[in-house]
>>> print(open('my_file-v7.cif').read())   # mmCIF, N, CA and C atoms
data_start
loop_
_atom_site.label_atom_id
_atom_site.label_comp_id
_atom_site.auth_asym_id
_atom_site.auth_seq_id
_atom_site.Cartn_x
_atom_site.Cartn_y
_atom_site.Cartn_z
N MET A 1 25.17 -26.01 -21.27
CA MET A 1 25.04 -26.62 -19.98
C MET A 1 26.14 -26.16 -19.02
N TYR A 2 27.29 -25.83 -19.58
CA TYR A 2 28.38 -25.38 -18.72
C TYR A 2 28.10 -24.04 -18.07
N ILE A 3 27.15 -23.31 -18.60
CA ILE A 3 26.81 -22.02 -18.00
C ILE A 3 26.30 -22.22 -16.57
N LEU A 4 25.67 -23.35 -16.31
CA LEU A 4 25.21 -23.62 -14.95
C LEU A 4 26.38 -23.73 -13.98
N LEU A 5 27.45 -24.36 -14.41
CA LEU A 5 28.63 -24.44 -13.55
C LEU A 5 29.20 -23.05 -13.27
N ALA A 6 29.22 -22.23 -14.30
CA ALA A 6 29.73 -20.87 -14.13
C ALA A 6 28.84 -20.07 -13.19
N LEU A 7 27.53 -20.24 -13.30
CA LEU A 7 26.61 -19.49 -12.44
C LEU A 7 26.66 -19.98 -11.00
N ILE A 8 26.78 -21.27 -10.80
CA ILE A 8 26.89 -21.79 -9.43
C ILE A 8 28.20 -21.32 -8.80
N ALA A 9 29.29 -21.38 -9.56
CA ALA A 9 30.58 -20.91 -9.04
C ALA A 9 30.53 -19.42 -8.74
N ALA A 10 29.89 -18.64 -9.60
CA ALA A 10 29.78 -17.19 -9.38
C ALA A 10 28.95 -16.90 -8.14
N CYS A 11 27.89 -17.65 -7.93
CA CYS A 11 27.07 -17.44 -6.73
C CYS A 11 27.88 -17.75 -5.47
N LEU A 12 28.64 -18.83 -5.50
CA LEU A 12 29.49 -19.16 -4.35
C LEU A 12 30.56 -18.10 -4.11
N LEU A 13 31.14 -17.59 -5.19
CA LEU A 13 32.12 -16.51 -5.05
C LEU A 13 31.45 -15.24 -4.54
N GLY A 14 30.21 -14.98 -4.94
CA GLY A 14 29.46 -13.84 -4.41
C GLY A 14 29.20 -13.97 -2.92
N ILE A 15 28.94 -15.19 -2.47
CA ILE A 15 28.77 -15.41 -1.02
C ILE A 15 30.07 -15.09 -0.30
N ALA A 16 31.20 -15.51 -0.88
CA ALA A 16 32.50 -15.19 -0.28
C ALA A 16 32.72 -13.68 -0.24
N VAL A 17 32.36 -12.98 -1.31
CA VAL A 17 32.49 -11.51 -1.33
C VAL A 17 31.64 -10.90 -0.23
N HIS A 18 30.43 -11.39 -0.04
CA HIS A 18 29.55 -10.86 1.00
C HIS A 18 30.21 -10.95 2.37
N TYR A 19 30.85 -12.07 2.65
CA TYR A 19 31.47 -12.24 3.96
C TYR A 19 32.82 -11.55 4.08
N LEU A 20 33.49 -11.25 2.97
CA LEU A 20 34.79 -10.59 3.04
C LEU A 20 34.69 -9.07 3.12
N VAL A 21 33.63 -8.49 2.59
CA VAL A 21 33.47 -7.04 2.64
C VAL A 21 32.89 -6.67 4.01
N PRO A 22 33.49 -5.71 4.71
CA PRO A 22 33.00 -5.36 6.03
C PRO A 22 31.60 -4.72 6.01
N SER A 23 31.01 -4.60 7.17
CA SER A 23 29.68 -3.98 7.38
C SER A 23 28.58 -4.76 6.67
N ARG A 24 28.62 -6.08 6.75
CA ARG A 24 27.61 -6.87 6.07
C ARG A 24 26.25 -6.80 6.72
N THR A 25 26.18 -6.19 7.91
CA THR A 25 24.88 -6.08 8.58
C THR A 25 23.99 -5.01 7.96
N VAL A 26 24.56 -4.15 7.12
CA VAL A 26 23.76 -3.07 6.53
C VAL A 26 23.28 -3.37 5.12
N ARG A 27 23.56 -4.58 4.63
CA ARG A 27 23.08 -4.94 3.29
C ARG A 27 22.49 -6.35 3.34
N GLY A 28 21.71 -6.66 2.36
CA GLY A 28 21.08 -7.97 2.30
C GLY A 28 22.08 -9.07 1.99
N VAL A 29 21.77 -10.25 2.46
CA VAL A 29 22.68 -11.38 2.29
C VAL A 29 22.74 -11.83 0.83
N ALA A 30 21.74 -11.50 0.03
CA ALA A 30 21.70 -11.96 -1.36
C ALA A 30 22.21 -10.93 -2.35
N VAL A 31 22.63 -9.77 -1.89
CA VAL A 31 23.04 -8.71 -2.82
C VAL A 31 24.29 -9.10 -3.61
N ALA A 32 25.36 -9.44 -2.92
CA ALA A 32 26.62 -9.78 -3.61
C ALA A 32 26.49 -11.04 -4.47
N PRO A 33 25.87 -12.12 -3.97
CA PRO A 33 25.71 -13.29 -4.85
C PRO A 33 24.83 -13.01 -6.07
N ALA A 34 23.81 -12.19 -5.91
CA ALA A 34 22.94 -11.88 -7.05
C ALA A 34 23.69 -11.08 -8.10
N ILE A 35 24.48 -10.11 -7.66
CA ILE A 35 25.27 -9.32 -8.61
C ILE A 35 26.29 -10.20 -9.31
N ALA A 36 26.98 -11.05 -8.56
CA ALA A 36 27.98 -11.93 -9.15
C ALA A 36 27.37 -12.88 -10.16
N THR A 37 26.21 -13.44 -9.84
CA THR A 37 25.56 -14.37 -10.75
C THR A 37 25.09 -13.68 -12.02
N ALA A 38 24.52 -12.49 -11.88
CA ALA A 38 24.06 -11.76 -13.06
C ALA A 38 25.23 -11.37 -13.98
N VAL A 39 26.31 -10.92 -13.39
CA VAL A 39 27.49 -10.54 -14.18
C VAL A 39 28.08 -11.76 -14.87
N ALA A 40 28.16 -12.88 -14.16
CA ALA A 40 28.70 -14.10 -14.76
C ALA A 40 27.83 -14.58 -15.92
N ALA A 41 26.51 -14.49 -15.76
CA ALA A 41 25.61 -14.91 -16.84
C ALA A 41 25.80 -14.03 -18.07
N ALA A 42 25.86 -12.73 -17.87
CA ALA A 42 26.04 -11.81 -19.00
C ALA A 42 27.41 -12.01 -19.65
N ALA A 43 28.45 -12.16 -18.85
CA ALA A 43 29.79 -12.32 -19.40
C ALA A 43 29.93 -13.64 -20.14
N TYR A 44 29.36 -14.69 -19.60
CA TYR A 44 29.42 -16.00 -20.25
C TYR A 44 28.68 -15.97 -21.58
N ALA A 45 27.50 -15.38 -21.58
CA ALA A 45 26.72 -15.29 -22.82
C ALA A 45 27.44 -14.44 -23.87
N LEU A 46 27.98 -13.31 -23.46
CA LEU A 46 28.72 -12.46 -24.39
C LEU A 46 29.97 -13.16 -24.93
N GLY A 47 30.64 -13.90 -24.05
CA GLY A 47 31.81 -14.66 -24.49
C GLY A 47 31.45 -15.73 -25.50
N GLN A 48 30.34 -16.41 -25.25
CA GLN A 48 29.87 -17.43 -26.19
C GLN A 48 29.51 -16.79 -27.54
N TRP A 49 28.80 -15.69 -27.49
CA TRP A 49 28.44 -14.99 -28.73
C TRP A 49 29.67 -14.44 -29.44
N GLY A 50 30.69 -14.14 -28.66
CA GLY A 50 31.93 -13.64 -29.24
C GLY A 50 32.80 -14.73 -29.85
N GLY A 51 32.39 -15.97 -29.72
CA GLY A 51 33.12 -17.06 -30.35
C GLY A 51 34.01 -17.87 -29.43
N LEU A 52 34.00 -17.61 -28.14
CA LEU A 52 34.80 -18.41 -27.23
C LEU A 52 34.14 -19.77 -27.00
N LYS A 53 34.93 -20.80 -27.00
CA LYS A 53 34.41 -22.16 -26.78
C LYS A 53 34.23 -22.40 -25.29
N GLU A 54 33.41 -23.39 -24.96
CA GLU A 54 33.15 -23.72 -23.55
C GLU A 54 34.42 -24.18 -22.84
N SER A 55 35.35 -24.73 -23.57
CA SER A 55 36.59 -25.21 -22.97
C SER A 55 37.66 -24.13 -22.87
N SER A 56 37.35 -22.93 -23.31
CA SER A 56 38.32 -21.85 -23.30
C SER A 56 38.51 -21.29 -21.89
N VAL A 57 39.76 -21.17 -21.51
CA VAL A 57 40.07 -20.58 -20.20
C VAL A 57 39.62 -19.13 -20.15
N TRP A 58 39.69 -18.43 -21.27
CA TRP A 58 39.32 -17.02 -21.31
C TRP A 58 37.85 -16.81 -21.00
N LEU A 59 37.00 -17.73 -21.43
CA LEU A 59 35.58 -17.63 -21.12
C LEU A 59 35.34 -17.73 -19.63
N TRP A 60 36.03 -18.66 -18.99
CA TRP A 60 35.87 -18.84 -17.55
C TRP A 60 36.48 -17.69 -16.77
N LEU A 61 37.62 -17.20 -17.21
CA LEU A 61 38.22 -16.05 -16.55
C LEU A 61 37.35 -14.81 -16.71
N LEU A 62 36.80 -14.64 -17.89
CA LEU A 62 35.92 -13.50 -18.14
C LEU A 62 34.68 -13.56 -17.25
N SER A 63 34.05 -14.71 -17.20
CA SER A 63 32.80 -14.79 -16.44
C SER A 63 33.04 -14.79 -14.93
N LEU A 64 33.95 -15.59 -14.45
CA LEU A 64 34.17 -15.66 -13.00
C LEU A 64 34.99 -14.49 -12.48
N GLY A 65 36.00 -14.09 -13.22
CA GLY A 65 36.79 -12.92 -12.81
C GLY A 65 35.96 -11.65 -12.81
N GLY A 66 35.17 -11.49 -13.86
CA GLY A 66 34.28 -10.33 -13.92
C GLY A 66 33.26 -10.34 -12.79
N ALA A 67 32.75 -11.53 -12.47
CA ALA A 67 31.78 -11.64 -11.38
C ALA A 67 32.38 -11.22 -10.04
N ILE A 68 33.61 -11.65 -9.80
CA ILE A 68 34.26 -11.31 -8.53
C ILE A 68 34.52 -9.80 -8.46
N VAL A 69 35.11 -9.27 -9.50
CA VAL A 69 35.49 -7.85 -9.49
C VAL A 69 34.26 -6.95 -9.39
N VAL A 70 33.28 -7.18 -10.25
CA VAL A 70 32.09 -6.31 -10.26
C VAL A 70 31.29 -6.45 -8.96
N SER A 71 31.12 -7.68 -8.46
CA SER A 71 30.35 -7.83 -7.22
C SER A 71 31.09 -7.22 -6.03
N ALA A 72 32.41 -7.33 -6.00
CA ALA A 72 33.17 -6.73 -4.90
C ALA A 72 33.07 -5.20 -4.93
N VAL A 73 33.26 -4.62 -6.11
CA VAL A 73 33.17 -3.16 -6.22
C VAL A 73 31.76 -2.67 -5.91
N ALA A 74 30.76 -3.34 -6.47
CA ALA A 74 29.38 -2.93 -6.23
C ALA A 74 29.00 -3.08 -4.76
N THR A 75 29.46 -4.13 -4.13
CA THR A 75 29.14 -4.34 -2.72
C THR A 75 29.80 -3.28 -1.84
N VAL A 76 31.04 -2.94 -2.14
CA VAL A 76 31.72 -1.88 -1.38
C VAL A 76 31.00 -0.55 -1.56
N VAL A 77 30.65 -0.23 -2.79
CA VAL A 77 29.96 1.04 -3.05
C VAL A 77 28.59 1.07 -2.37
N LEU A 78 27.82 0.00 -2.51
CA LEU A 78 26.51 -0.04 -1.86
C LEU A 78 26.61 0.06 -0.34
N THR A 79 27.62 -0.59 0.23
CA THR A 79 27.80 -0.53 1.68
C THR A 79 28.16 0.88 2.13
N ARG A 80 29.06 1.54 1.42
CA ARG A 80 29.44 2.91 1.79
C ARG A 80 28.27 3.87 1.65
N VAL A 81 27.51 3.73 0.58
CA VAL A 81 26.34 4.59 0.39
C VAL A 81 25.32 4.36 1.50
N ARG A 82 25.10 3.12 1.85
CA ARG A 82 24.12 2.80 2.89
C ARG A 82 24.56 3.34 4.25
N VAL A 83 25.83 3.16 4.59
CA VAL A 83 26.33 3.66 5.88
C VAL A 83 26.23 5.17 5.93
N HIS A 84 26.57 5.84 4.83
CA HIS A 84 26.49 7.30 4.79
C HIS A 84 25.05 7.77 4.92
N ARG A 85 24.15 7.16 4.18
CA ARG A 85 22.74 7.58 4.23
C ARG A 85 22.12 7.27 5.58
N ASP A 86 22.50 6.15 6.19
CA ASP A 86 21.99 5.85 7.52
C ASP A 86 22.46 6.88 8.53
N GLY A 87 23.73 7.28 8.43
CA GLY A 87 24.26 8.29 9.33
C GLY A 87 23.57 9.63 9.14
N THR A 88 23.34 10.00 7.90
CA THR A 88 22.64 11.25 7.60
C THR A 88 21.21 11.21 8.13
N ARG A 89 20.56 10.11 7.93
CA ARG A 89 19.17 9.97 8.40
C ARG A 89 19.10 9.99 9.92
N ARG A 90 20.03 9.32 10.58
CA ARG A 90 20.05 9.34 12.04
C ARG A 90 20.27 10.75 12.58
N ALA A 91 21.17 11.48 11.92
CA ALA A 91 21.43 12.85 12.36
C ALA A 91 20.21 13.73 12.14
N ALA A 92 19.51 13.52 11.02
CA ALA A 92 18.32 14.32 10.76
C ALA A 92 17.20 14.00 11.75
N LEU A 93 17.11 12.76 12.19
CA LEU A 93 16.09 12.38 13.14
C LEU A 93 16.51 12.63 14.59
N GLY A 94 17.77 12.94 14.79
CA GLY A 94 18.26 13.20 16.16
C GLY A 94 18.45 11.93 16.98
N ILE A 95 18.75 10.87 16.31
CA ILE A 95 18.93 9.58 17.01
C ILE A 95 20.38 9.42 17.41
#
>>> encode(input="my_file-v7.cif", output="structure tokens")
Amino acid sequence: MYILLALIAACLLGIAVHYLVPSRTVRGVAVAPAIATAVAAAAYALGQWGGLKESSVWLWLLSLGGAIVVSAVATVVLTRVRVHRDGTRRAALGI
């Protein structure tokens, strides 16, 4: 049941990542929260299977810390790729 708390917290942290990374107009509003939630779910499940208890700080650091780091990196990379491809496409179309 505690996984729900981890997933809700990860989604909220993903929303924060969305607003903290610049150029948010070129990506969807749900991209960063979705990535953060998926990473937190996988990390929490792997931590549980690895023997970490629900009360373990390491489980929470693994799931929420991993969610923040991976969603921030993925959001930055996706934003840079999108800006670059949009610029290339505009140049090819002569806009």
>>> residues_around(input="my_file-v7.cif", residues="Val76 in chain A", least_positions_apart="5", cutoff="7 Å", atoms="only N, CA and C atoms", output="PDB file with N, CA and C atoms, keeping the file's coordinate frame")
ATOM      1  N   VAL A  21      33.630  -8.490   2.590  1.00  0.00           N
ATOM      2  CA  VAL A  21      33.470  -7.040   2.640  1.00  0.00           C
ATOM      3  C   VAL A  21      32.890  -6.670   4.010  1.00  0.00           C
ATOM      4  N   SER A  71      31.120  -7.680  -8.460  1.00  0.00           N
ATOM      5  CA  SER A  71      30.350  -7.830  -7.220  1.00  0.00           C
ATOM      6  C   SER A  71      31.090  -7.220  -6.030  1.00  0.00           C
ATOM      7  N   VAL A  81      27.510   3.730   0.580  1.00  0.00           N
ATOM      8  CA  VAL A  81      26.340   4.590   0.390  1.00  0.00           C
ATOM      9  C   VAL A  81      25.320   4.360   1.500  1.00  0.00           C
TER      10      VAL A  81
END
>>> atom_distance(input="my_file-v7.cif", atom1="atom N of Gly28 in chain A", atom2="atom C of Ala45 in chain A")
28.0 Å
>>> closest_residue(input="my_file-v7.cif", among="A:Met1, A:Thr75, A:Gly87, A:Cys11", to="Ala34 in chain A", atoms="only N, CA and C atoms")
A:Cys11
>>> residues_around(input="my_file-v7.cif", residues="Ala38 in chain A", least_positions_apart="4", cutoff="8 Å", atoms="only N, CA and C atoms", output="number ranges by chain")
A: 7, 10-11, 32-34, 42-44, 67
>>> axis_aligned_box(input="my_file-v7.cif", around="range 80-92 of chain A", padding_each_side="6 Å", output="AutoDock Vina command-line options")
--center_x 23.3 --center_y 7.9 --center_z 6.5 --size_x 24.2 --size_y 24.8 --size_z 24.2
>>> select_by_dssp(input="my_file-v7.cif", residues="range 47-88 of chain A", states="alpha helix (DSSP H)", output="number ranges by chain")
A: 47-49, 57-60, 66-88
>>> write_last_selection(input="my_file-v7.cif", atoms="N, CA and C atoms", output="PDB file, in the frame of the given file")
ATOM      1  N   GLY A  47      30.640 -13.900 -24.050  1.00  0.00           N
ATOM      2  CA  GLY A  47      31.810 -14.660 -24.490  1.00  0.00           C
ATOM      3  C   GLY A  47      31.450 -15.730 -25.500  1.00  0.00           C
ATOM      4  N   GLN A  48      30.340 -16.410 -25.250  1.00  0.00           N
ATOM      5  CA  GLN A  48      29.870 -17.430 -26.190  1.00  0.00           C
ATOM      6  C   GLN A  48      29.510 -16.790 -27.540  1.00  0.00           C
ATOM      7  N   TRP A  49      28.800 -15.690 -27.490  1.00  0.00           N
ATOM      8  CA  TRP A  49      28.440 -14.990 -28.730  1.00  0.00           C
ATOM      9  C   TRP A  49      29.670 -14.440 -29.440  1.00  0.00           C
ATOM     10  N   VAL A  57      39.760 -21.170 -21.510  1.00  0.00           N
ATOM     11  CA  VAL A  57      40.070 -20.580 -20.200  1.00  0.00           C
ATOM     12  C   VAL A  57      39.620 -19.130 -20.150  1.00  0.00           C
ATOM     13  N   TRP A  58      39.690 -18.430 -21.270  1.00  0.00           N
ATOM     14  CA  TRP A  58      39.320 -17.020 -21.310  1.00  0.00           C
ATOM     15  C   TRP A  58      37.850 -16.810 -21.000  1.00  0.00           C
ATOM     16  N   LEU A  59      37.000 -17.730 -21.430  1.00  0.00           N
ATOM     17  CA  LEU A  59      35.580 -17.630 -21.120  1.00  0.00           C
ATOM     18  C   LEU A  59      35.340 -17.730 -19.630  1.00  0.00           C
ATOM     19  N   TRP A  60      36.030 -18.660 -18.990  1.00  0.00           N
ATOM     20  CA  TRP A  60      35.870 -18.840 -17.550  1.00  0.00           C
ATOM     21  C   TRP A  60      36.480 -17.690 -16.770  1.00  0.00           C
ATOM     22  N   GLY A  66      35.170 -11.490 -13.860  1.00  0.00           N
ATOM     23  CA  GLY A  66      34.280 -10.330 -13.920  1.00  0.00           C
ATOM     24  C   GLY A  66      33.260 -10.340 -12.790  1.00  0.00           C
ATOM     25  N   ALA A  67      32.750 -11.530 -12.470  1.00  0.00           N
ATOM     26  CA  ALA A  67      31.780 -11.640 -11.380  1.00  0.00           C
ATOM     27  C   ALA A  67      32.380 -11.220 -10.040  1.00  0.00           C
ATOM     28  N   ILE A  68      33.610 -11.650  -9.800  1.00  0.00           N
ATOM     29  CA  ILE A  68      34.260 -11.310  -8.530  1.00  0.00           C
ATOM     30  C   ILE A  68      34.520  -9.800  -8.460  1.00  0.00           C
ATOM     31  N   VAL A  69      35.110  -9.270  -9.500  1.00  0.00           N
ATOM     32  CA  VAL A  69      35.490  -7.850  -9.490  1.00  0.00           C
ATOM     33  C   VAL A  69      34.260  -6.950  -9.390  1.00  0.00           C
ATOM     34  N   VAL A  70      33.280  -7.180 -10.250  1.00  0.00           N
ATOM     35  CA  VAL A  70      32.090  -6.310 -10.260  1.00  0.00           C
ATOM     36  C   VAL A  70      31.290  -6.450  -8.960  1.00  0.00           C
ATOM     37  N   SER A  71      31.120  -7.680  -8.460  1.00  0.00           N
ATOM     38  CA  SER A  71      30.350  -7.830  -7.220  1.00  0.00           C
ATOM     39  C   SER A  71      31.090  -7.220  -6.030  1.00  0.00           C
ATOM     40  N   ALA A  72      32.410  -7.330  -6.000  1.00  0.00           N
ATOM     41  CA  ALA A  72      33.170  -6.730  -4.900  1.00  0.00           C
ATOM     42  C   ALA A  72      33.070  -5.200  -4.930  1.00  0.00           C
ATOM     43  N   VAL A  73      33.260  -4.620  -6.110  1.00  0.00           N
ATOM     44  CA  VAL A  73      33.170  -3.160  -6.220  1.00  0.00           C
ATOM     45  C   VAL A  73      31.760  -2.670  -5.910  1.00  0.00           C
ATOM     46  N   ALA A  74      30.760  -3.340  -6.470  1.00  0.00           N
ATOM     47  CA  ALA A  74      29.380  -2.930  -6.230  1.00  0.00           C
ATOM     48  C   ALA A  74      29.000  -3.080  -4.760  1.00  0.00           C
ATOM     49  N   THR A  75      29.460  -4.130  -4.130  1.00  0.00           N
ATOM     50  CA  THR A  75      29.140  -4.340  -2.720  1.00  0.00           C
ATOM     51  C   THR A  75      29.800  -3.280  -1.840  1.00  0.00           C
ATOM     52  N   VAL A  76      31.040  -2.940  -2.140  1.00  0.00           N
ATOM     53  CA  VAL A  76      31.720  -1.880  -1.380  1.00  0.00           C
ATOM     54  C   VAL A  76      31.000  -0.550  -1.560  1.00  0.00           C
ATOM     55  N   VAL A  77      30.650  -0.230  -2.790  1.00  0.00           N
ATOM     56  CA  VAL A  77      29.960   1.040  -3.050  1.00  0.00           C
ATOM     57  C   VAL A  77      28.590   1.070  -2.370  1.00  0.00           C
ATOM     58  N   LEU A  78      27.820   0.000  -2.510  1.00  0.00           N
ATOM     59  CA  LEU A  78      26.510  -0.040  -1.860  1.00  0.00           C
ATOM     60  C   LEU A  78      26.610   0.060  -0.340  1.00  0.00           C
ATOM     61  N   THR A  79      27.620  -0.590   0.230  1.00  0.00           N
ATOM     62  CA  THR A  79      27.800  -0.530   1.680  1.00  0.00           C
ATOM     63  C   THR A  79      28.160   0.880   2.130  1.00  0.00           C
ATOM     64  N   ARG A  80      29.060   1.540   1.420  1.00  0.00           N
ATOM     65  CA  ARG A  80      29.440   2.910   1.790  1.00  0.00           C
ATOM     66  C   ARG A  80      28.270   3.870   1.650  1.00  0.00           C
ATOM     67  N   VAL A  81      27.510   3.730   0.580  1.00  0.00           N
ATOM     68  CA  VAL A  81      26.340   4.590   0.390  1.00  0.00           C
ATOM     69  C   VAL A  81      25.320   4.360   1.500  1.00  0.00           C
ATOM     70  N   ARG A  82      25.100   3.120   1.850  1.00  0.00           N
ATOM     71  CA  ARG A  82      24.120   2.800   2.890  1.00  0.00           C
ATOM     72  C   ARG A  82      24.560   3.340   4.250  1.00  0.00           C
ATOM     73  N   VAL A  83      25.830   3.160   4.590  1.00  0.00           N
ATOM     74  CA  VAL A  83      26.330   3.660   5.880  1.00  0.00           C
ATOM     75  C   VAL A  83      26.230   5.170   5.930  1.00  0.00           C
ATOM     76  N   HIS A  84      26.570   5.840   4.830  1.00  0.00           N
ATOM     77  CA  HIS A  84      26.490   7.300   4.790  1.00  0.00           C
ATOM     78  C   HIS A  84      25.050   7.770   4.920  1.00  0.00           C
ATOM     79  N   ARG A  85      24.150   7.160   4.180  1.00  0.00           N
ATOM     80  CA  ARG A  85      22.740   7.580   4.230  1.00  0.00           C
ATOM     81  C   ARG A  85      22.120   7.270   5.580  1.00  0.00           C
ATOM     82  N   ASP A  86      22.500   6.150   6.190  1.00  0.00           N
ATOM     83  CA  ASP A  86      21.990   5.850   7.520  1.00  0.00           C
ATOM     84  C   ASP A  86      22.460   6.880   8.530  1.00  0.00           C
ATOM     85  N   GLY A  87      23.730   7.280   8.430  1.00  0.00           N
ATOM     86  CA  GLY A  87      24.260   8.290   9.330  1.00  0.00           C
ATOM     87  C   GLY A  87      23.570   9.630   9.140  1.00  0.00           C
ATOM     88  N   THR A  88      23.340  10.000   7.900  1.00  0.00           N
ATOM     89  CA  THR A  88      22.640  11.250   7.600  1.00  0.00           C
ATOM     90  C   THR A  88      21.210  11.210   8.130  1.00  0.00           C
TER      91      THR A  88
END
>>> residues_around(input="my_file-v7.cif", residues="Ala74 in chain A", least_positions_apart="6", cutoff="8 Å", atoms="all atoms listed in the file", output="list in words")
Val31, Ala32, Ile35, Ile68 and Arg80 of chain A
>>> closest_residue(input="my_file-v7.cif", among="A:Ser23, A:Gln48, A:Ser63, A:Ser56", to="Ala6 in chain A", atoms="only C-alpha atoms")
A:Ser63
>>> closest_residue(input="my_file-v7.cif", among="A:Ser55, A:Ile15, A:Arg89, A:Leu61", to="Ala40 in chain A", atoms="only C-alpha atoms")
A:Leu61
>>> atom_distance(input="my_file-v7.cif", atom1="atom N of Val70 in chain A", atom2="atom C of Tyr2 in chain A")
19.3 Å
>>> residues_around(input="my_file-v7.cif", residues="Thr79 in chain A", least_positions_apart="6", cutoff="8 Å", atoms="only N, CA and C atoms", output="PDB file with N, CA and C atoms, keeping the file's coordinate frame")
ATOM      1  N   PRO A  22      33.490  -5.710   4.710  1.00  0.00           N
ATOM      2  CA  PRO A  22      33.000  -5.360   6.030  1.00  0.00           C
ATOM      3  C   PRO A  22      31.600  -4.720   6.010  1.00  0.00           C
ATOM      4  N   SER A  23      31.010  -4.600   7.170  1.00  0.00           N
ATOM      5  CA  SER A  23      29.680  -3.980   7.380  1.00  0.00           C
ATOM      6  C   SER A  23      28.580  -4.760   6.670  1.00  0.00           C
ATOM      7  N   ARG A  24      28.620  -6.080   6.750  1.00  0.00           N
ATOM      8  CA  ARG A  24      27.610  -6.870   6.070  1.00  0.00           C
ATOM      9  C   ARG A  24      26.250  -6.800   6.720  1.00  0.00           C
ATOM     10  N   VAL A  26      24.560  -4.150   7.120  1.00  0.00           N
ATOM     11  CA  VAL A  26      23.760  -3.070   6.530  1.00  0.00           C
ATOM     12  C   VAL A  26      23.280  -3.370   5.120  1.00  0.00           C
ATOM     13  N   ARG A  27      23.560  -4.580   4.630  1.00  0.00           N
ATOM     14  CA  ARG A  27      23.080  -4.940   3.290  1.00  0.00           C
ATOM     15  C   ARG A  27      22.490  -6.350   3.340  1.00  0.00           C
ATOM     16  N   VAL A  73      33.260  -4.620  -6.110  1.00  0.00           N
ATOM     17  CA  VAL A  73      33.170  -3.160  -6.220  1.00  0.00           C
ATOM     18  C   VAL A  73      31.760  -2.670  -5.910  1.00  0.00           C
ATOM     19  N   ARG A  85      24.150   7.160   4.180  1.00  0.00           N
ATOM     20  CA  ARG A  85      22.740   7.580   4.230  1.00  0.00           C
ATOM     21  C   ARG A  85      22.120   7.270   5.580  1.00  0.00           C
TER      22      ARG A  85
END
>>> closest_residue(input="my_file-v7.cif", among="A:Leu78, A:Val57, A:Leu93, A:Ala72", to="His18 in chain A", atoms="only N, CA and C atoms")
A:Ala72
